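Containing mmCIF, C-alpha atoms and all ligand atoms: run26.cif.
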```cif
data_target
#
loop_
_atom_site.label_atom_id
_atom_site.label_comp_id
_atom_site.auth_asym_id
_atom_site.auth_seq_id
_atom_site.Cartn_x
_atom_site.Cartn_y
_atom_site.Cartn_z
CA MET O 1 -6.95 -46.44 14.48
CA PHE O 2 -4.10 -44.67 16.23
CA VAL O 3 -1.70 -45.94 13.55
CA ARG O 4 -4.02 -44.67 10.84
CA VAL O 5 -4.07 -41.22 12.40
CA LEU O 6 -0.29 -41.21 12.60
CA CYS O 7 -0.02 -42.24 8.95
CA ALA O 8 -2.44 -39.53 7.95
CA ALA O 9 -0.41 -36.98 9.88
CA ALA O 10 2.80 -38.15 8.26
CA ALA O 11 1.22 -37.94 4.81
CA VAL O 12 0.05 -34.40 5.48
CA ALA O 13 3.48 -33.47 6.80
CA CYS O 14 5.00 -34.72 3.54
CA LEU O 15 2.54 -32.69 1.53
CA LEU O 16 3.20 -29.64 3.62
CA SER O 17 6.94 -29.81 3.30
CA SER O 18 6.45 -28.14 -0.05
CA CYS O 19 3.69 -25.90 1.20
CA ALA O 20 3.98 -23.13 -1.32
CA GLY O 21 4.72 -25.49 -4.18
CA ARG O 22 7.89 -23.68 -5.00
CA PRO O 23 11.50 -24.79 -5.35
CA GLN O 24 13.12 -25.96 -2.15
CA THR O 25 16.30 -23.99 -2.67
CA GLU O 26 16.83 -20.34 -3.13
CA GLY O 27 19.79 -18.36 -4.26
CA GLY O 28 21.21 -15.69 -2.01
CA THR O 29 23.93 -15.01 0.45
CA LEU O 30 24.29 -15.47 4.15
CA ALA O 31 26.32 -12.26 4.31
CA THR O 32 23.61 -10.49 6.25
CA PRO O 33 23.22 -8.62 9.52
CA PHE O 34 22.09 -11.96 11.02
CA ALA O 35 25.05 -13.93 9.71
CA PRO O 36 28.13 -11.80 9.13
CA ALA O 37 30.10 -12.58 5.98
CA LYS O 38 32.94 -15.04 6.36
CA SER O 39 36.27 -14.09 4.87
CA LEU O 40 36.98 -15.74 1.54
CA SER O 41 39.80 -17.76 3.02
CA SER O 42 37.65 -19.50 5.62
CA PRO O 43 36.26 -22.92 4.74
CA LYS O 44 32.79 -22.87 3.28
CA LYS O 45 30.18 -23.92 5.81
CA VAL O 46 27.13 -25.75 4.59
CA ALA O 47 23.99 -24.10 5.95
CA SER O 48 21.79 -26.43 7.93
CA ALA O 49 18.16 -25.94 8.80
CA ASP O 50 19.10 -26.76 12.38
CA ASP O 51 21.85 -24.15 12.72
CA PRO O 52 21.03 -22.09 15.80
CA VAL O 53 20.78 -18.36 15.24
CA ALA O 54 22.92 -16.58 17.80
CA LEU O 55 20.77 -14.19 19.75
CA THR O 56 23.06 -11.30 20.50
CA PRO O 57 25.08 -10.22 17.48
CA VAL O 58 26.13 -6.60 17.76
CA ALA O 59 24.24 -5.72 14.58
CA TRP O 60 20.86 -6.44 16.16
CA GLY O 61 20.90 -3.87 18.89
CA ARG O 62 19.23 -4.85 22.14
CA LEU O 63 15.68 -5.51 23.17
CA GLY O 64 15.60 -4.10 26.69
CA ASN O 65 11.96 -4.87 27.33
CA PRO O 66 10.64 -8.00 25.58
CA GLY O 67 7.12 -7.12 26.75
CA GLY O 68 7.36 -3.89 24.77
CA LEU O 69 7.00 -5.81 21.53
CA ALA O 70 3.29 -6.43 22.10
CA GLY O 71 1.06 -4.00 20.26
CA ARG O 72 -2.67 -3.37 20.26
CA THR O 73 -5.44 -5.89 19.82
CA LEU O 74 -7.43 -5.50 16.66
CA SER O 75 -11.02 -6.72 16.62
CA VAL O 76 -11.70 -8.10 13.16
CA SER O 77 -15.06 -9.01 11.67
CA SER O 78 -14.16 -8.41 8.04
CA LEU O 79 -11.11 -7.95 5.88
CA SER O 80 -11.53 -4.19 5.91
CA ASP O 81 -10.97 -4.15 9.69
CA ILE O 82 -7.34 -5.16 9.26
CA LYS O 83 -5.74 -1.75 8.99
CA LEU O 84 -2.19 -1.71 10.27
CA ASN O 85 -0.21 1.39 11.06
CA HIS O 86 3.40 1.94 10.12
CA LYS O 87 5.67 -0.46 12.04
CA GLU O 88 2.83 -2.80 12.98
CA VAL O 89 3.00 -6.47 12.12
CA VAL O 90 0.80 -9.53 12.52
CA LEU O 91 2.45 -12.93 13.00
CA THR O 92 0.72 -15.87 11.33
CA PHE O 93 1.72 -19.53 11.46
CA ASP O 94 0.31 -21.95 8.89
CA ASP O 95 0.08 -25.71 8.40
CA GLY O 96 0.29 -27.01 11.97
CA PRO O 97 -0.16 -28.04 14.62
CA MET O 98 3.02 -30.09 14.58
CA PRO O 99 4.58 -31.99 17.52
CA LYS O 100 7.53 -30.22 19.14
CA LYS O 101 7.70 -27.36 16.63
CA THR O 102 4.38 -25.74 17.52
CA ASP O 103 5.09 -26.02 21.25
CA THR O 104 8.55 -24.52 20.83
CA ILE O 105 7.02 -21.61 18.95
CA LEU O 106 4.36 -21.16 21.63
CA SER O 107 6.98 -20.88 24.34
CA ILE O 108 9.02 -18.33 22.35
CA LEU O 109 5.93 -16.21 21.70
CA ASN O 110 5.13 -16.39 25.41
CA GLU O 111 8.65 -15.32 26.31
CA TYR O 112 8.31 -12.24 24.12
CA GLY O 113 4.77 -11.54 25.29
CA VAL O 114 3.18 -11.52 21.83
CA LYS O 115 0.15 -13.21 20.30
CA ALA O 116 -0.09 -14.72 16.84
CA THR O 117 -2.71 -16.31 14.60
CA PHE O 118 -2.40 -20.01 13.78
CA LEU O 119 -4.02 -21.16 10.54
CA MET O 120 -4.42 -24.88 11.12
CA VAL O 121 -4.86 -27.64 8.58
CA GLY O 122 -7.93 -29.64 9.61
CA GLN O 123 -6.23 -33.00 9.29
CA MET O 124 -3.30 -31.81 11.41
CA ALA O 125 -5.59 -30.46 14.12
CA LYS O 126 -7.39 -33.81 14.26
CA ALA O 127 -4.09 -35.69 14.45
CA HIS O 128 -2.73 -33.44 17.24
CA PRO O 129 -5.76 -32.11 19.13
CA GLU O 130 -3.87 -31.49 22.37
CA ILE O 131 -1.42 -29.16 20.62
CA ALA O 132 -4.25 -27.29 18.91
CA GLN O 133 -5.87 -26.84 22.32
CA ARG O 134 -2.62 -25.50 23.79
CA VAL O 135 -2.50 -22.87 21.04
CA VAL O 136 -5.94 -21.64 22.08
CA ALA O 137 -5.17 -21.89 25.81
CA ALA O 138 -2.14 -19.66 25.28
CA GLY O 139 -4.43 -16.93 24.00
CA HIS O 140 -3.59 -17.02 20.31
CA SER O 141 -6.18 -16.62 17.58
CA ILE O 142 -6.92 -19.48 15.27
CA GLY O 143 -8.21 -20.07 11.82
CA SER O 144 -8.34 -22.86 9.28
CA HIS O 145 -6.37 -23.68 6.18
CA THR O 146 -8.62 -26.32 4.53
CA TYR O 147 -8.82 -29.94 5.63
CA ARG O 148 -5.93 -31.42 3.69
CA HIS O 149 -4.05 -28.36 2.37
CA ALA O 150 -5.68 -28.56 -1.03
CA ASP O 151 -4.89 -26.22 -3.89
CA LEU O 152 -8.39 -24.78 -4.19
CA GLN O 153 -7.76 -23.25 -7.60
CA ASN O 154 -7.60 -26.80 -8.97
CA LEU O 155 -10.94 -27.84 -7.54
CA SER O 156 -14.49 -27.13 -8.62
CA PHE O 157 -16.20 -24.41 -6.60
CA ASP O 158 -18.33 -26.96 -4.72
CA ALA O 159 -15.36 -29.20 -3.95
CA ALA O 160 -13.33 -26.20 -2.77
CA VAL O 161 -16.14 -25.06 -0.48
CA ALA O 162 -16.41 -28.60 0.94
CA GLU O 163 -12.65 -28.58 1.67
CA ILE O 164 -12.88 -25.23 3.44
CA GLU O 165 -15.89 -26.28 5.50
CA LYS O 166 -14.38 -29.61 6.46
CA GLY O 167 -11.19 -27.86 7.56
CA ARG O 168 -13.02 -25.29 9.65
CA ASP O 169 -15.26 -27.95 11.23
CA ALA O 170 -12.22 -30.05 12.15
CA VAL O 171 -10.39 -27.14 13.79
CA THR O 172 -13.52 -25.98 15.60
CA SER O 173 -14.44 -29.44 16.87
CA VAL O 174 -10.94 -30.02 18.23
CA THR O 175 -10.46 -26.62 19.85
CA HIS O 176 -14.09 -25.77 20.74
CA GLU O 177 -13.19 -22.32 19.55
CA ASP O 178 -14.30 -20.05 16.73
CA ALA O 179 -11.81 -20.62 13.91
CA GLY O 180 -12.66 -17.25 12.44
CA PHE O 181 -9.73 -16.72 10.14
CA PHE O 182 -8.92 -18.49 6.90
CA ARG O 183 -5.90 -18.65 4.66
CA PHE O 184 -5.81 -20.14 1.19
CA PRO O 185 -3.18 -22.89 0.84
CA TYR O 186 -0.44 -21.74 -1.56
CA LEU O 187 -2.25 -18.37 -1.36
CA ALA O 188 -4.22 -19.78 -4.30
CA ASP O 189 -7.55 -17.97 -4.09
CA THR O 190 -10.34 -17.05 -6.46
CA ARG O 191 -12.67 -14.08 -6.28
CA LYS O 192 -15.70 -16.31 -5.89
CA LEU O 193 -14.14 -18.34 -3.08
CA ARG O 194 -12.96 -15.22 -1.25
CA GLN O 195 -16.49 -13.94 -1.40
CA TRP O 196 -17.87 -17.22 -0.09
CA VAL O 197 -15.41 -17.27 2.81
CA GLY O 198 -16.38 -13.71 3.78
CA GLN O 199 -20.07 -14.50 3.60
CA ASN O 200 -19.65 -17.52 5.83
CA GLY O 201 -18.26 -15.90 8.91
CA MET O 202 -14.54 -16.11 8.19
CA VAL O 203 -11.94 -13.48 7.43
CA VAL O 204 -9.34 -14.22 4.77
CA LEU O 205 -5.85 -13.45 5.98
CA ASP O 206 -3.68 -12.24 3.14
CA VAL O 207 0.09 -11.95 3.28
CA GLN O 208 2.30 -8.92 2.85
CA VAL O 209 5.58 -10.43 4.03
CA ASP O 210 6.39 -14.02 3.04
CA SER O 211 9.21 -15.38 5.21
CA LYS O 212 9.66 -18.26 2.72
CA ASP O 213 10.63 -20.42 5.66
CA TYR O 214 9.69 -23.44 3.54
CA PHE O 215 12.85 -23.02 1.48
CA GLY O 216 15.78 -25.20 2.49
CA VAL O 217 17.90 -22.32 3.71
CA SER O 218 19.37 -21.52 7.11
CA PRO O 219 17.31 -19.97 9.91
CA ALA O 220 19.48 -16.86 9.62
CA ALA O 221 18.59 -16.51 5.96
CA VAL O 222 14.88 -16.75 6.77
CA ALA O 223 15.12 -14.06 9.45
CA THR O 224 17.13 -11.84 7.15
CA ARG O 225 14.73 -12.22 4.24
CA THR O 226 11.76 -11.50 6.47
CA MET O 227 13.29 -8.34 7.92
CA ASN O 228 14.35 -7.09 4.49
CA GLU O 229 10.90 -7.62 3.05
CA LEU O 230 9.26 -6.05 6.08
CA ARG O 231 11.46 -2.95 5.91
CA ALA O 232 10.37 -2.51 2.29
CA HIS O 233 6.69 -2.60 3.33
CA GLY O 234 7.01 -0.89 6.71
CA LYS O 235 4.18 -3.06 8.15
CA GLY O 236 2.14 -6.12 7.33
CA ILE O 237 0.98 -9.65 7.94
CA ILE O 238 3.96 -12.02 8.09
CA LEU O 239 3.60 -15.59 6.80
CA LEU O 240 5.45 -18.23 8.83
CA HIS O 241 4.95 -21.97 9.33
CA ASP O 242 4.94 -23.87 12.62
CA ILE O 243 6.01 -27.12 10.94
CA HIS O 244 9.64 -26.23 10.22
CA ALA O 245 12.55 -26.43 12.64
CA ARG O 246 14.22 -23.42 11.01
CA THR O 247 11.19 -21.27 11.81
CA ALA O 248 11.41 -22.07 15.51
CA SER O 249 15.20 -21.60 15.40
CA MET O 250 15.07 -18.14 13.93
CA LEU O 251 12.00 -16.82 15.76
CA PRO O 252 13.85 -15.36 18.80
CA ALA O 253 16.19 -13.52 16.43
CA LEU O 254 13.30 -12.21 14.37
CA LEU O 255 11.38 -11.02 17.43
CA THR O 256 14.48 -9.42 18.91
CA GLN O 257 15.13 -7.60 15.67
CA LEU O 258 11.50 -6.46 15.38
CA GLY O 259 11.73 -4.97 18.86
CA ALA O 260 15.07 -3.34 18.19
CA GLU O 261 13.64 -1.62 15.10
CA GLY O 262 10.53 -0.39 16.92
CA TYR O 263 7.93 -2.73 15.43
CA LYS O 264 4.85 -3.79 17.38
CA VAL O 265 3.13 -7.17 17.09
CA VAL O 266 -0.60 -6.64 16.71
CA ARG O 267 -2.97 -9.28 18.03
CA LEU O 268 -5.96 -10.13 15.88
CA ARG O 269 -9.20 -11.12 17.52
CA HIS O 270 -11.99 -12.45 15.37
CA SER O 271 -15.35 -10.89 16.05
CA ASN O 272 -18.68 -11.83 14.60
CA ALA O 273 -20.00 -8.34 15.29
CA SER O 274 -20.97 -7.62 11.70
CA MET O 275 -22.84 -10.90 11.40
CA MET O 276 -24.63 -10.24 14.68
CA THR O 277 -25.63 -6.81 13.41
CA ALA O 278 -26.88 -8.34 10.18
CA TRP O 279 -28.99 -10.88 12.06
CA LEU O 280 -30.41 -8.27 14.42
CA ASN O 281 -31.42 -6.11 11.48
ZN ZN I 301 0.03 -23.85 3.96
#
```

Please render this file's structure as structure tokens.
Amino acid sequence: MFVRVLCAAAAVACLLSSCAGRPQTEGGTLATPFAPAKSLSSPKKVASADDPVALTPVAWGRLGNPGGLAGRTLSVSSLSDIKLNHKEVVLTFDDGPMPKKTDTILSILNEYGVKATFLMVGQMAKAHPEIAQRVVAAGHSIGSHTYRHADLQNLSFDAAVAEIEKGRDAVTSVTHEDAGFFRFPYLADTRKLRQWVGQNGMVVLDVQVDSKDYFGVSPAAVATRTMNELRAHGKGIILLHDIHARTASMLPALLTQLGAEGYKVVRLRHSNASMMTAWLN
């Protein structure tokens, strides 16, 4: 049984390695504030997903008070409640929980005093229940991300709903917590499914800033892309994944940079207030 669970987890991990279904490489340059350009004469270094991102390059500025990165808590019972102000971000981590990586991310978030939302794949939560429980114990919000990371646009409505429900039930049964948020795998939604999710006590989390941490680029490139995209928007929900080593590697740099540029990390808390009101009426 244990072996079967491990195999299932490995299969899901393989599926998830191409989470967004996009190419695994991306053009671009590492000549960024996070990774200063090398002179043309220096030997070309091959970027590795495990390259550590140095934490104190001059270009970042300094984060004097890591606790100052934490913003307000937003109580959310429907999509319309998620209204962010300028320089406010929400951190979201999809596809886990994953051994080692999720725990590393939890300890970094704790160090910086910020809370995130983890959108868990049902099958992953069942394979690693103790990690899912640590996410909740650390005070983060949780949601589901279907049971097996299915592309719901390729399923019938009924099959898609069954996938969503099975995923939510798995996350809830493992964590004993309200998995009130939902994210569509591959961000592949439909109007009808969005409506169903909203009517069934969950809030769809959309994405304004895609870190694209699933591309096979260096951690520095991920942090740079994320900051560049965020600066263009000024605020937003950031999509990250707690199944990639490069995400954990670059997270301290990203959080340091967010603080240095005056951003605040908003904590989402799911509330069933609107449903309660509806029942009472
Ligand atoms: Zn995903």

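Considering all atoms listed in the file, the residue among O:Lys115, O:Lys212, O:His86, O:Lys166 positioned nearest to Thr247 (chain O) is O:Lys212.
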
task: Identify, on the basis of all atoms listed in the file, every residue whose closest approach to Val266 (chain O) does not exceed 6 Å; exclude the query and any residue fewer than 6 positions from it along the same chain; express the result as a PyMOL selection string.
output: chain O and resi 71-73+89-90

query: Which residues come within 9 Å of region 141-153 of chain O, counting all atoms listed in the file, excluding same-chain residues fewer than 5 positions away, as a count of residues only?
result: 53

message: Quick check, in Å to one decimal: how far apart do CA of Asn110 (chain O) and CA of Ala132 (chain O) lie?
response: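 About the pair CA of Asn110 (chain O) and CA of Ala132 (chain O): they are 15.8 Å apart.
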
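For the residues O:Lys192, O:Lys264, O:Arg246, O:His241, ranking by smallest atom-to-atom distance to ligand ZN 301 (chain I) using all atoms listed in the file places O:His241 first.
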
- prompt: Which residue gives the smallest distance to Glu88 (chain O) among O:Leu230, O:Val222, O:Leu109, O:Ala137, with only C-alpha atoms counted?
  reply: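 So, comparing all the options, the nearest one is O:Leu230.
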
message: Here's a test: counting all atoms listed in the file, identify every protein, DNA and RNA residue with an atom at most 10 Å from (-2.8, -10.8, 2.6) in the file's coordinate frame, and state them as number ranges by chain.
response: O: 79, 82, 183-184, 187, 204-210, 236-239

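The space between CA of Thr256 (chain O) and CA of Ile105 (chain O) spans 14.3 Å.
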
query: Of the residues O:Ala260, O:Val265, O:Val174, O:Ile243, which is the one nearest to ligand ZN 301 (chain I), using only C-alpha atoms and all ligand atoms?
result: O:Ile243

- prompt: What is the CA of Val76 (chain O) to CA of Asn272 (chain O) distance in Å?
  reply: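 Computing the Euclidean distance for CA of Val76 (chain O) and CA of Asn272 (chain O) yields 8.0 Å.
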
query: Which is closest to ligand ZN 301 (chain I) among O:Ser78, O:Asn85, O:Thr92, O:Thr175, if we use only C-alpha atoms and all ligand atoms?
result: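 Ranked by minimum distance to ligand ZN 301 (chain I), first place goes to O:Thr92.
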
message: Here is a test: counting all atoms listed in the file, which residue of O:Ala253, O:Phe93, O:Ala232, O:Lys87 is nearest to ligand ZN 301 (chain I)?
response: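 For ligand ZN 301 (chain I), the nearest of the candidates is O:Phe93.
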